[in-house]
There are 2 protein chains.
Amino acid sequence: MVRIKDIAEKAGVSIGTVDRVLHDRGEVAEKTREKVLKIADELHYTPNLAASTLATQKKYNISAIIPKGTGDNIFWNSHKEGIENAVASLRPFSVNVKFYLFELNNEKEFTEQAQRLLNDGTDAVILAPVLKNEALEFCRKLDENSVPYVFIDTFIKGTNSLAFIGEDAYRGGRIAASLIDYGLPADKDILIVNISKNLDNTQHLNSRNQGFLSYFIDTGKNTGLKINAELHSHSAKEVDEKLDPIFRNNPGVGAIMVSSAKTYAIASYLERKKKKDIILVGYEVFDKNIRYLESGYIDFLIRQRPHEQGMKAVEKTFQFLAHNRVPEKKEYQPVDIVNRETLPLIKE
Amino acid sequence: MVRIKDIAEKAGVSIGTVDRVLHDRGEVAEKTREKVLKIADELHYTPNLAASTLATQKKYNISAIIPKGTGDNIFWNSHKEGIENAVASLRPFSVNVKFYLFELNNEKEFTEQAQRLLNDGTDAVILAPVLKNEALEFCRKLDENSVPYVFIDTFIKGTNSLAFIGEDAYRGGRIAASLIDYGLPADKDILIVNISKNLDNTQHLNSRNQGFLSYFIDTGKNTGLKINAELHSHSAKEVDEKLDPIFRNNPGVGAIMVSSAKTYAIASYLERKKKKDIILVGYEVFDKNIRYLESGYIDFLIRQRPHEQGMKAVEKTFQFLAHNRVPEKKEYQPVDIVNRETLPLIKE
DNA sequence: CTGAAAGCGCTTACAG
DNA sequence: CTGAAAGCGCTTACAG
């Protein structure tokens with residue numbers, strides 16, 4: 001392997017000079033510069049990262065402000081794990097993450113954690129801007145302090161985010177549609193269920209709905225009705241109240257798409273009402289949904305890859321901090337189609 | 001961060017001694033040993049990998065002997081890329097791969113490359129043992145020379161392989177079955193097509209067939225016939241000769257499963273015969289198959305993750321070489337279900 | 001059984 | 001504008 005020492009000898013200068021031109025730190029005569037650059041190129045010099053890591057005692061502190069993985073949101077645990085794994089695999093570089101977790105939909109806690117993060121100081125932040133207004137305010141402060149930030153899961157406009165890594169929710173909607181369209185007789189009706197208390201997370205749900213409907217406009221063979229049901233809670237009471245009349249008035253319903261992780265609540269309804277033959281497609285793979293996938297009430301789940309999102313967020317952040325490499329602005333992660341047969345393979 | 005120097009000071013010994021106990025190199029009084037270990041533990045010492053990488057000028061040379069990614073096997077390019085990417089991400093460690101590529105089914109070339117590899121010498125090898133007899137012979141030689149090796153793609157018994165990373169072909173067969181079962185009326189017949197010239201690659205094909213049939217034995221709702229067609233080539237001539245009579249005699253056939261990457265040859269048949277309504281499920285995502293997925297003649301493709309297989313193979317090999325960590329013996333990669341709607345997301 | 005010293009390749013003040 | 005030297009944390013002979 002070629003070392004800066006080799007370049008220095010060949011160029012007849014000291015290693016200090018070589019280092020200066022290699023890192024563009026100026027204070028070098030143009031002639032020397034060119035000579036060194038030429039030789040480095042000829043010798044195919046690549047820096048020894050272990051040595052430079054050791055010499056520059058740089059530490060990178062990354063902060064991650066994301067929802068807690070509790071209740072129906074354990075899927076946020078995967079983001080956290082992904083972030084941690086990426087940091088671990090970045091050894092021998094010295095990078096640290098500190099988590100600032102908040103309860104989903106708890107604006108107060110988000111704002112508190114954001115403030116704590118700002119007080120602690122950090123080199124960069126990974127941010128799930130699920131609470132739009134609060135996130136916007138926070139981004140403004142980060143901009144003021146020149147702290148770079150990358151979005152994970154959700155994208156919001158009007159900020160200077162370094163990058164975004166997340167699901168293509170629109171595409172996810174189309175995929176759900178294609179699976180239903182493939183399995184359902186063309187003349188049957190389809191029910192679309194949106195469950196969202198206080199309109200949380202609506203961005204994803206809207207995009208999925210749009211994608212879902214777009215499929216039937218431009219490619220699907222299904223000609224049946226597309227019926228909409230908006231629930232504010234996933235309690236059995238509300239589910240019954242909203243769905244019973246729909247099924248009473250539309251005996252042609254043969255499939256349901258639930259636009260969120262609460263798919264299990266609708267599966268439970270089908271179980272209660274003994275409607276096993278209705279196709280049910282929903283989102284996210286976790287215990288409650290898995291149970292119904294196994295028992296046959298859910299046919300397909302579409303899964304984001306939160307673990308990968310976390311990893312990519314760290315990688316991009318690190319590349320920017322360490323090598324000043326500006327990542328692509330938006331990166332959509334693929335989604336997985338999961339049915340009962342694929343389950344044994346995805347015990348991650 | 002705690003350094004061995006800190007431990008040394010606290011223990012009242014030199015850093016040389018600390019290093020000796022930390023690396024179990026003996027020649028240390030038991031009392032000193034215990035003391036150092038205790039302090040290291042209390043201080044939560046973790047070695048600085050950059051420093052140790054730099055100091056031990058160790059280089060790891062890995063050799064990979066896998067098929068060339070040409071013709072219908074471009075999917076072997078992904079293994080190669082995965083291996084290369086993993087090596088790249090292992091920087092700042094100094095690990096090199098050298099590839100020994102052979103044409104699939106060319107025993108002579110495999111043997112030549114294997115011999116070349118042995119002459120060149122290496123620290124470990126990543127091996128696709130698709131040619132069973134030749135691979136067995138090669139493994140024996142590796143054993144003689146105490147060179148560790150990990151299998152990729154295919155597993156063969158009776159060797160001392162360090163690990164195996166590959167597809168769960170049986171499971172892949174079940175997944176194909178579940179997709180057909182979901183979309184096909186229960187009384188329709190299903191055609192299973194195996195295309196294999198000189199019985200190459202039969203291990204995967206057999207496992208997929210077994211998995212496919214097992215699904216209908218224990219869970220599927222389909223009660224139709226399961227018809228088998230064995231082709232030795234995917235030429236239009238042979239496809240027509242074999243499939244025409246089957247369709248003539250079995251008007252109830254509603255779906256086809258092709259157990260290999262040659263799915264496009266059957267899609268082409270359906271296109272020629274204007275049978276767009278037949279469900280077709282097959283394997284591997286690459287240009288020829290993608291074309292028919294887009295035009296609607298193929299409904300689903302099941303995809304291995306060759307890129308990940310390559311990456312994991314390198315990671316395991318490196319962990320073993322560098323840290324003497326023996327990996328799990330067998331690791332199955334998940335497979336992806338791909339239809340037309342998921343295509344835009346998997347431009348890898 | 002133990003310590004002191006040199007070295008891995010790069011970076012960083014500092015002197016000139 | 002340039003060079004010499006010290007140092008990053010660990011490893012490796014070598015002397016005792």
# chains A, B, ... in the order shown; residues from 1 in each chain; ligands from 1
>>> residues_around(residues="DA13 (chain D)", least_positions_apart="4", cutoff="12 Å", atoms="only C-alpha atoms (C1' of nucleotides)", output="list of chain:residue names")
B:Gly16, C:DA4, C:DA5, C:DA6, C:DG7
>>> write_last_selection(atoms="N, CA and C atoms (P, O5', C5', C4', C3', O3' and C1' of nucleotides)", output="mmCIF file, in the first residue's frame")
data_model
loop_
_atom_site.group_PDB
_atom_site.id
_atom_site.type_symbol
_atom_site.label_atom_id
_atom_site.label_comp_id
_atom_site.auth_asym_id
_atom_site.auth_seq_id
_atom_site.Cartn_x
_atom_site.Cartn_y
_atom_site.Cartn_z
ATOM 1 N N GLY B 16 2.380 -3.149 28.252
ATOM 2 C CA GLY B 16 2.715 -4.443 27.650
ATOM 3 C C GLY B 16 2.018 -5.571 28.393
ATOM 4 P P DA C 4 9.162 0.898 32.426
ATOM 5 O "O5'" DA C 4 10.142 1.051 31.184
ATOM 6 C "C5'" DA C 4 11.319 0.250 31.105
ATOM 7 C "C4'" DA C 4 12.001 0.513 29.769
ATOM 8 C "C3'" DA C 4 11.684 1.868 29.157
ATOM 9 O "O3'" DA C 4 12.787 2.248 28.342
ATOM 10 C "C1'" DA C 4 10.719 0.175 27.832
ATOM 11 P P DA C 5 12.734 3.572 27.461
ATOM 12 O "O5'" DA C 5 12.509 2.969 25.995
ATOM 13 C "C5'" DA C 5 13.329 1.880 25.575
ATOM 14 C "C4'" DA C 5 13.037 1.582 24.112
ATOM 15 C "C3'" DA C 5 12.714 2.823 23.283
ATOM 16 O "O3'" DA C 5 13.205 2.617 21.970
ATOM 17 C "C1'" DA C 5 10.905 1.360 23.199
ATOM 18 P P DA C 6 13.399 3.815 20.982
ATOM 19 O "O5'" DA C 6 13.011 3.128 19.599
ATOM 20 C "C5'" DA C 6 13.258 1.730 19.418
ATOM 21 C "C4'" DA C 6 12.259 1.188 18.418
ATOM 22 C "C3'" DA C 6 11.876 2.186 17.318
ATOM 23 O "O3'" DA C 6 11.849 1.497 16.073
ATOM 24 C "C1'" DA C 6 9.938 1.432 18.397
ATOM 25 P P DG C 7 11.758 2.319 14.716
ATOM 26 O "O5'" DG C 7 10.322 1.918 14.178
ATOM 27 C "C5'" DG C 7 9.924 0.547 14.171
ATOM 28 C "C4'" DG C 7 8.444 0.488 13.963
ATOM 29 C "C3'" DG C 7 7.920 1.548 12.984
ATOM 30 O "O3'" DG C 7 7.188 0.920 11.952
ATOM 31 C "C1'" DG C 7 6.636 1.514 14.964
#
>>> interface_residues(of="chain B", to="chain A", cutoff="9 Å", atoms="only C-alpha atoms", output="number ranges by chain")
B: 48-54, 89-93, 168, 171-172, 174-175, 178-179, 182-184, 299, 332-342, 344-346
>>> interface_residues(of="chain C", to="chain A", cutoff="10 Å", atoms="only C-alpha atoms (C1' of nucleotides)", output="PyMOL selection string")
chain C and resi 8-12
>>> closest_residue(among="A:Gly166, A:Val97, A:Asn228, A:Leu136", to="Ala114 (chain A)", atoms="only C-alpha atoms")
A:Leu136
>>> select_by_dssp(residues="region 146-317 of chain A", states="strand (DSSP E)", output="ChimeraX atom specification")
/A:149-152,163-167,189-195,226-231,253-258,279-283,300-303
>>> select_by_dssp(residues="region 99-286 of chain A", states="alpha helix (DSSP H)", output="number ranges by chain")
A: 107-120, 132-144, 169-183, 202-218, 236-249, 263-272
>>> residues_around(residues="region 24-35 of chain A", least_positions_apart="2", cutoff="10 Å", atoms="only C-alpha atoms (C1' of nucleotides)", output="PDB file with C-alpha atoms (C1' of nucleotides), in the first residue's frame")
ATOM      1  CA  ILE A   7       4.515  10.266  -2.167  1.00  0.00           C
ATOM      2  CA  LYS A  10       8.993  10.700  -4.789  1.00  0.00           C
ATOM      3  CA  ALA A  11       8.084  14.381  -4.817  1.00  0.00           C
ATOM      4  CA  GLY A  12      11.081  15.438  -2.787  1.00  0.00           C
ATOM      5  CA  VAL A  13       8.997  17.143  -0.120  1.00  0.00           C
ATOM      6  CA  THR A  17       3.416  19.168   2.625  1.00  0.00           C
ATOM      7  CA  VAL A  18       1.801  16.126   1.089  1.00  0.00           C
ATOM      8  CA  ASP A  19      -0.832  16.186   3.785  1.00  0.00           C
ATOM      9  CA  ARG A  20      -1.488  19.860   3.123  1.00  0.00           C
ATOM     10  CA  VAL A  21      -2.175  19.360  -0.560  1.00  0.00           C
ATOM     11  CA  LEU A  22      -4.165  16.179  -0.048  1.00  0.00           C
ATOM     12  CA  LEU A  37      -1.257  15.534  -6.836  1.00  0.00           C
ATOM     13  CA  LYS A  38       0.214  13.963  -9.950  1.00  0.00           C
ATOM     14  CA  ILE A  39       2.319  11.503  -8.000  1.00  0.00           C
ATOM     15  CA  ALA A  40      -0.529  10.609  -5.656  1.00  0.00           C
ATOM     16  CA  ASP A  41      -2.627   9.865  -8.675  1.00  0.00           C
TER      17      ASP A  41
ATOM     18  C1'  DC D   1       5.616  28.367   1.786  1.00  0.00           C
ATOM     19  C1'  DT D   2       7.984  24.112   4.073  1.00  0.00           C
TER      20       DT D   2
END
>>> atom_distance(atom1="CA of Leu293 (chain A)", atom2="CA of Lys262 (chain A)")
13.0 Å
>>> atom_distance(atom1="CA of Asn119 (chain A)", atom2="CA of Val147 (chain A)")
12.5 Å
>>> atom_distance(atom1="CA of Pro129 (chain B)", atom2="CA of Leu280 (chain B)")
29.7 Å
>>> residues_around(residues="Ala236 (chain A)", least_positions_apart="6", cutoff="12 Å", atoms="only C-alpha atoms (C1' of nucleotides)", output="list of chain:residue names")
A:Lys242, A:Leu243, A:Asp244, A:Lys262, A:Tyr264, A:Ala265, A:Ile266, A:Ala267, A:Ser268, A:Tyr269, A:Leu270, A:Glu271, A:Arg272, A:Lys273
>>> residues_around(residues="Ser63 (chain A)", least_positions_apart="2", cutoff="12 Å", atoms="only C-alpha atoms (C1' of nucleotides)", output="short mmCIF file (atom, residue, chain, number, x, y, z; two decimals) with C-alpha atoms, in the first residue's frame")
data_model
loop_
_atom_site.label_atom_id
_atom_site.label_comp_id
_atom_site.auth_asym_id
_atom_site.auth_seq_id
_atom_site.Cartn_x
_atom_site.Cartn_y
_atom_site.Cartn_z
CA TYR A 60 -19.17 12.52 16.05
CA ASN A 61 -22.20 13.00 18.22
CA ILE A 65 -35.39 12.35 18.16
CA ILE A 66 -38.00 9.75 17.32
CA LYS A 80 -33.92 2.70 17.04
CA ILE A 83 -29.66 3.43 14.23
CA GLU A 84 -27.80 1.58 16.94
CA VAL A 87 -23.41 3.11 14.75
CA VAL A 95 -19.57 7.99 16.65
CA ASN A 96 -22.16 8.23 19.37
CA VAL A 97 -25.91 8.45 19.28
CA LYS A 98 -28.08 9.87 21.96
CA PHE A 99 -31.80 9.22 21.80
CA TYR A 100 -34.50 11.70 22.65
CA LEU A 101 -37.70 9.70 22.62
CA GLN A 113 -37.05 16.63 24.24
CA ALA A 114 -36.20 18.95 21.37
CA ARG A 116 -33.14 19.19 25.84
CA LEU A 117 -31.39 18.15 22.64
CA LEU A 118 -30.60 21.75 21.76
CA ASN A 119 -29.19 22.38 25.21
CA ASP A 120 -27.03 19.27 25.08
CA GLY A 121 -25.57 20.23 21.73
CA THR A 122 -24.84 17.79 18.91
CA ASP A 123 -23.15 17.49 15.55
CA ALA A 124 -26.23 16.34 13.68
CA VAL A 125 -29.74 15.13 14.30
CA ILE A 126 -31.92 12.36 12.95
CA LEU A 127 -35.50 13.46 13.21
CA ALA A 128 -38.91 11.90 12.72
CA LEU A 142 -31.44 23.74 14.14
CA VAL A 147 -26.91 21.78 12.93
CA PRO A 148 -27.61 19.47 9.97
CA TYR A 149 -30.61 17.15 10.23
CA VAL A 150 -32.04 14.27 8.28
CA ALA A 313 -30.11 7.70 8.25
CA VAL A 314 -26.96 7.14 10.28
CA THR A 317 -25.34 11.57 8.48
CA PHE A 318 -21.91 10.12 9.04
#
